[in-house]
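First the structure, in the form of structure tokens, and then the observations on it.
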Amino acid sequence: MPGWVQGRVALVTGASRGIGVGIARCLAKEGAKVAVAARTKEGLAQTCRELEALGAKAMAVPVDLSKEADAKRMVRDVEKAWGPVEILVNNAGVHGASNFSEHYPETTDDWEAAFRVNALARVWACDAVLPSMKERKWGKIINVASIAGIEGTPVHMAYSAAKAAEINYTQSLAKDIGRYGVNVNVVLPGLVYTDMIGSLQKHIATKYNRPGGESPKQWFDGIIKRTVPLQREQTVDDIGWMVTFLCSPLASEVHGQAINVDGGMRLH
């Protein structure tokens with residue numbers, strides 16, 4: 001039986017690790033050809049090996065999504081290899097500048113980095129794929145934001161504000177292009193243990209002058225117990241399957257929605 005996205009050309013950003021790998025893996029399992037994009041060539045190579053082991057076609061696209069020209073070149077590279085991008089998943093994200101965890105408060109560099117990657121890169125990539133999607137009257141765009149975008153947090157304000165902008169942009173875009181048959185939605189992960197957790201823990205410790213006795217995983221597990229009604233963390237595959245469902249024919253009437261995958265942390 002064909003998969004949900006059999007034969008579709010998918011592009012997933014931030015797919016050298018974490019949530020991006022989970023999304024790419026789920027799309028591949030359902031039959032998509034998956035181009036994976038990120039800054040880290042070694043991570044992309046590992047993701048491609050994993051997807052190819054599942055029997056999927058995969059290609060790596062090294063890219064710096066803080067740069068508009070790179071974001072648009074990324075789409076052109078996929079189009080040259082495989083044809084029009086039919087599924088775009090904007091997942092790449094940063095909390096701030098590369099030294100984010102080393103200081104508090106957040107600097108202008110943190111704010112600029114957060115908005116470039118978490119908000120503007122979405123706009124640039126969407127602008128690049130939309131002409132072909134409109135022409136074909138089919139396409140799926142999924143932006144991956146965060147529950148921090150619907151309820152701000154005092155410890156990473158730039159990130160939260162950029163994610164709020166991403167949610168609003170997604171819904172505005174959905175209203176604008178729905179008439180072309182292109183579905184646009186945004187997925188809001190809750191608490192997923194990724195490489196970003198360690199830098200966030202360090203940043204919070206700097207802000208509140210707390211000793212660093214706990215490992216990042218111990219710290220993370222404590223937050224899960226205090227804040228998640230289901231009492232368990234979300235996994236990269238939890239996010240991946242939601243994204244894949246939204247790209248499938250089963251979700252053809254889901255449009256302009258912000259969907260939490262957070263174990264009940266935020267109800268709306």
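Labels for the structure tokens follow display order: chains A, B, ..., residues from 1 in each chain, ligands from 1.
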Can you tell me, as a PDB file with C-alpha atoms, in the first residue's frame, what residues are no more than 12 Å from Glu135 of chain A when counting only C-alpha atoms, ignoring any on the same chain fewer than 2 positions away?
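Output file around-v3.pdb follows:
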ATOM      1  CA  PRO A  84       9.864  21.120  -7.764  1.00  0.00           C
ATOM      2  CA  GLU A  86       6.310  19.631  -3.072  1.00  0.00           C
ATOM      3  CA  VAL A 129       9.028  27.173  -3.329  1.00  0.00           C
ATOM      4  CA  LEU A 130       5.706  28.945  -3.782  1.00  0.00           C
ATOM      5  CA  PRO A 131       5.890  29.758  -7.520  1.00  0.00           C
ATOM      6  CA  SER A 132       5.997  26.061  -8.483  1.00  0.00           C
ATOM      7  CA  MET A 133       3.441  25.083  -5.826  1.00  0.00           C
ATOM      8  CA  LYS A 137      -1.898  23.856  -7.384  1.00  0.00           C
ATOM      9  CA  TRP A 138      -0.483  21.488  -4.810  1.00  0.00           C
ATOM     10  CA  GLY A 139       1.967  21.860  -1.986  1.00  0.00           C
ATOM     11  CA  ILE A 177      -2.312  31.294  -0.666  1.00  0.00           C
ATOM     12  CA  ARG A 179      -6.795  29.576  -3.078  1.00  0.00           C
ATOM     13  CA  TYR A 180      -3.868  27.930  -4.880  1.00  0.00           C
ATOM     14  CA  GLY A 181      -4.406  24.574  -3.176  1.00  0.00           C
ATOM     15  CA  VAL A 182      -1.326  24.874  -0.981  1.00  0.00           C
TER      16      VAL A 182
END
List every residue of segment 41-175 of chain A that DSSP, applied to the backbone of this structure, assigns to strand (DSSP E), and report them as a PyMOL selection string.
chain A and resi 58-62+87-90+139-144
May I have a table of the residues of segment 102-126 of chain A lying at most 6 Å from segment 159-162 of chain A, giving each one's closest pair of atoms and their distance in Å to one decimal, counting only C-alpha atoms, ordered by chain and ascending residue number, as a tab-separated table?
residue	atom	partner	partner_atom	distance
A:Ala114	CA	A:Tyr159	CA	5.5
A:Phe115	CA	A:Ala162	CA	5.2
A:Asn118	CA	A:Ala162	CA	5.9
A:Ala119	CA	A:Ala162	CA	5.8
Keeping N, CA and C atoms, export the residues of the selection given above as an mmCIF file, in the first residue's frame.
data_model
loop_
_atom_site.group_PDB
_atom_site.id
_atom_site.type_symbol
_atom_site.label_atom_id
_atom_site.label_comp_id
_atom_site.auth_asym_id
_atom_site.auth_seq_id
_atom_site.Cartn_x
_atom_site.Cartn_y
_atom_site.Cartn_z
ATOM 1 N N ALA A 114 18.120 34.997 16.194
ATOM 2 C CA ALA A 114 16.839 34.318 16.402
ATOM 3 C C ALA A 114 15.836 34.657 15.309
ATOM 4 N N PHE A 115 15.751 35.930 14.949
ATOM 5 C CA PHE A 115 14.771 36.313 13.939
ATOM 6 C C PHE A 115 15.206 35.899 12.532
ATOM 7 N N ASN A 118 14.767 31.742 12.753
ATOM 8 C CA ASN A 118 13.458 31.238 13.160
ATOM 9 C C ASN A 118 12.296 31.910 12.449
ATOM 10 N N ALA A 119 12.516 33.051 11.849
ATOM 11 C CA ALA A 119 11.412 33.763 11.191
ATOM 12 C C ALA A 119 11.740 34.081 9.732
#
For Asp221 of chain A, work out the shell of residues within 12 Å, counting only C-alpha atoms and skipping chain neighbours fewer than 3 positions away, then give it as number ranges by chain.
A: 191-193, 197, 214-218, 224-228, 231-234
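On the backbone of this structure, DSSP gives alpha helix (DSSP H) within segment 80-119 of chain A to Lys80, Ala81, Trp82, Thr108, Asp109, Asp110, Trp111, Glu112, Ala113, Ala114 and Phe115 of chain A.
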Could the residues in this selection be saved with N, CA and C atoms as an mmCIF file, in the first residue's frame?
data_model
loop_
_atom_site.group_PDB
_atom_site.id
_atom_site.type_symbol
_atom_site.label_atom_id
_atom_site.label_comp_id
_atom_site.auth_asym_id
_atom_site.auth_seq_id
_atom_site.Cartn_x
_atom_site.Cartn_y
_atom_site.Cartn_z
ATOM 1 N N LYS A 80 16.966 21.406 -9.063
ATOM 2 C CA LYS A 80 17.840 20.923 -10.139
ATOM 3 C C LYS A 80 17.999 19.406 -10.090
ATOM 4 N N ALA A 81 18.035 18.862 -8.888
ATOM 5 C CA ALA A 81 18.260 17.420 -8.736
ATOM 6 C C ALA A 81 16.985 16.609 -8.928
ATOM 7 N N TRP A 82 15.886 17.082 -8.379
ATOM 8 C CA TRP A 82 14.680 16.256 -8.297
ATOM 9 C C TRP A 82 13.410 16.899 -8.870
ATOM 10 N N THR A 108 21.910 42.112 21.107
ATOM 11 C CA THR A 108 21.384 42.391 19.768
ATOM 12 C C THR A 108 21.721 41.256 18.814
ATOM 13 N N ASP A 109 22.909 40.671 18.956
ATOM 14 C CA ASP A 109 23.277 39.530 18.109
ATOM 15 C C ASP A 109 22.333 38.353 18.319
ATOM 16 N N ASP A 110 21.934 38.118 19.578
ATOM 17 C CA ASP A 110 20.982 37.043 19.856
ATOM 18 C C ASP A 110 19.640 37.297 19.174
ATOM 19 N N TRP A 111 19.160 38.523 19.288
ATOM 20 C CA TRP A 111 17.871 38.868 18.679
ATOM 21 C C TRP A 111 17.936 38.736 17.164
ATOM 22 N N GLU A 112 19.016 39.231 16.576
ATOM 23 C CA GLU A 112 19.128 39.154 15.120
ATOM 24 C C GLU A 112 19.233 37.708 14.643
ATOM 25 N N ALA A 113 20.014 36.896 15.350
ATOM 26 C CA ALA A 113 20.158 35.492 14.962
ATOM 27 C C ALA A 113 18.830 34.758 15.084
ATOM 28 N N ALA A 114 18.120 34.997 16.194
ATOM 29 C CA ALA A 114 16.839 34.318 16.402
ATOM 30 C C ALA A 114 15.836 34.657 15.309
ATOM 31 N N PHE A 115 15.751 35.930 14.949
ATOM 32 C CA PHE A 115 14.771 36.313 13.939
ATOM 33 C C PHE A 115 15.206 35.899 12.532
#
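In terms of minimum interatomic distance to Glu30 of chain A, A:Ala10 ranks closest within A:Met265, A:Ala10, A:Cys48, A:Ile167, counting only C-alpha atoms.
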Closest pair table for segment 140-204 of chain A residues within 10 Å of segment 16-25 of chain A, only C-alpha atoms, as JSON lines:
{"residue": "A:Val144", "atom": "CA", "partner": "A:Ile19", "partner_atom": "CA", "distance": 9.3}
{"residue": "A:Pro189", "atom": "CA", "partner": "A:Ile19", "partner_atom": "CA", "distance": 9.1}
{"residue": "A:Val192", "atom": "CA", "partner": "A:Ile19", "partner_atom": "CA", "distance": 8.0}
{"residue": "A:Tyr193", "atom": "CA", "partner": "A:Gly18", "partner_atom": "CA", "distance": 8.1}
{"residue": "A:Thr194", "atom": "CA", "partner": "A:Gly18", "partner_atom": "CA", "distance": 5.4}
{"residue": "A:Asp195", "atom": "CA", "partner": "A:Gly18", "partner_atom": "CA", "distance": 7.2}
{"residue": "A:Met196", "atom": "CA", "partner": "A:Gly18", "partner_atom": "CA", "distance": 8.9}
Measure the distance from atom CA of Gly264 of chain A to atom CA of Gly152 of chain A in Å and round it to one decimal.
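Here the two named atoms are 16.8 Å from each other.
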Counting only C-alpha atoms, the option among A:Val117, A:Leu11, A:Ile142, A:Ala69 closest to Gly83 of chain A
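For Gly83 of chain A, the nearest of the given residues is A:Leu11.
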With distances taken over only C-alpha atoms, the candidate from A:Gly3, A:Pro105, A:Gly256, A:Pro62 nearest Lys33 of chain A is A:Gly3
Using only C-alpha atoms, find each residue of segment 159-207 of chain A with at least one atom at most 12 Å away from an atom of segment 247-250 of chain A; report its shortest atom-to-atom pair and that distance in Å (one decimal), sort the rows by chain and rising residue number, and return the result as JSON lines.
{"residue": "A:Val182", "atom": "CA", "partner": "A:Cys247", "partner_atom": "CA", "distance": 10.4}
{"residue": "A:Asn183", "atom": "CA", "partner": "A:Cys247", "partner_atom": "CA", "distance": 8.2}
{"residue": "A:Val184", "atom": "CA", "partner": "A:Cys247", "partner_atom": "CA", "distance": 9.4}
{"residue": "A:Asn185", "atom": "CA", "partner": "A:Cys247", "partner_atom": "CA", "distance": 9.6}
{"residue": "A:Val186", "atom": "CA", "partner": "A:Cys247", "partner_atom": "CA", "distance": 11.6}
{"residue": "A:Val187", "atom": "CA", "partner": "A:Cys247", "partner_atom": "CA", "distance": 11.9}
Take the residues that were just selected and, keeping C-alpha atoms, output them as a PDB file, in the first residue's frame.
ATOM      1  CA  VAL A 182      -1.326  24.874  -0.981  1.00  0.00           C
ATOM      2  CA  ASN A 183      -1.756  23.809   2.655  1.00  0.00           C
ATOM      3  CA  VAL A 184       0.215  25.770   5.249  1.00  0.00           C
ATOM      4  CA  ASN A 185       0.366  24.877   8.946  1.00  0.00           C
ATOM      5  CA  VAL A 186       2.666  25.290  11.927  1.00  0.00           C
ATOM      6  CA  VAL A 187       3.598  22.601  14.461  1.00  0.00           C
TER       7      VAL A 187
END
Write out as a PDB file with N, CA and C atoms, in the first residue's frame each polymer residue whose atoms come within 7 Å of Ser146 of chain A, counting only C-alpha atoms; drop sequence neighbours fewer than 3 positions from it.
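File part.pdb, as written:
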ATOM      1  N   GLY A 149       6.252  30.148  21.483  1.00  0.00           N
ATOM      2  CA  GLY A 149       5.703  31.197  20.639  1.00  0.00           C
ATOM      3  C   GLY A 149       4.291  31.618  21.008  1.00  0.00           C
ATOM      4  N   LYS A 163       9.516  32.963  17.470  1.00  0.00           N
ATOM      5  CA  LYS A 163       8.567  31.873  17.242  1.00  0.00           C
ATOM      6  C   LYS A 163       7.141  32.399  17.147  1.00  0.00           C
ATOM      7  N   LEU A 188       3.869  23.041  16.828  1.00  0.00           N
ATOM      8  CA  LEU A 188       4.495  23.613  18.021  1.00  0.00           C
ATOM      9  C   LEU A 188       4.942  22.490  18.952  1.00  0.00           C
ATOM     10  N   PRO A 189       6.216  22.064  18.862  1.00  0.00           N
ATOM     11  CA  PRO A 189       6.703  21.057  19.797  1.00  0.00           C
ATOM     12  C   PRO A 189       6.717  21.587  21.229  1.00  0.00           C
ATOM     13  N   GLY A 190       6.585  20.650  22.153  1.00  0.00           N
ATOM     14  CA  GLY A 190       6.697  20.991  23.560  1.00  0.00           C
ATOM     15  C   GLY A 190       8.129  20.800  24.025  1.00  0.00           C
TER      16      GLY A 190
END
Can you tell me how far atom CA of Ser98 of chain A sits from atom CA of Thr206 of chain A, in Å to one decimal?
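Answer for the atom CA of Ser98 of chain A to atom CA of Thr206 of chain A separation: 15.5 Å.
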Within 8 Å of Gly7 of chain A, counting only C-alpha atoms, which residues show up once you throw out same-chain ones fewer than 2 positions away? Write them as a compact mmCIF listing (two decimals) with C-alpha atoms, in the first residue's frame, please.
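Now in result-v8.txt:
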# COMPACT_ATOMS: atom_id res chain seq x y z
CA VAL A 5 3.56 10.98 0.79
CA VAL A 9 9.80 15.68 -3.09
CA GLY A 31 7.56 7.21 0.73
CA ALA A 32 8.95 10.72 0.21
CA LYS A 33 12.25 11.59 -1.42
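Straight-line separation from atom CA of Gly96 of chain A to atom CA of His156 of chain A: 8.4 Å.
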Please identify all polymer residues within 9 Å of Val123 of chain A, counting only C-alpha atoms, omitting same-chain residues fewer than 4 positions from it, and present them as a list in words.
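Everything that qualifies: Ala119, Asp127, Ala128, Glu166 and Tyr169 of chain A.
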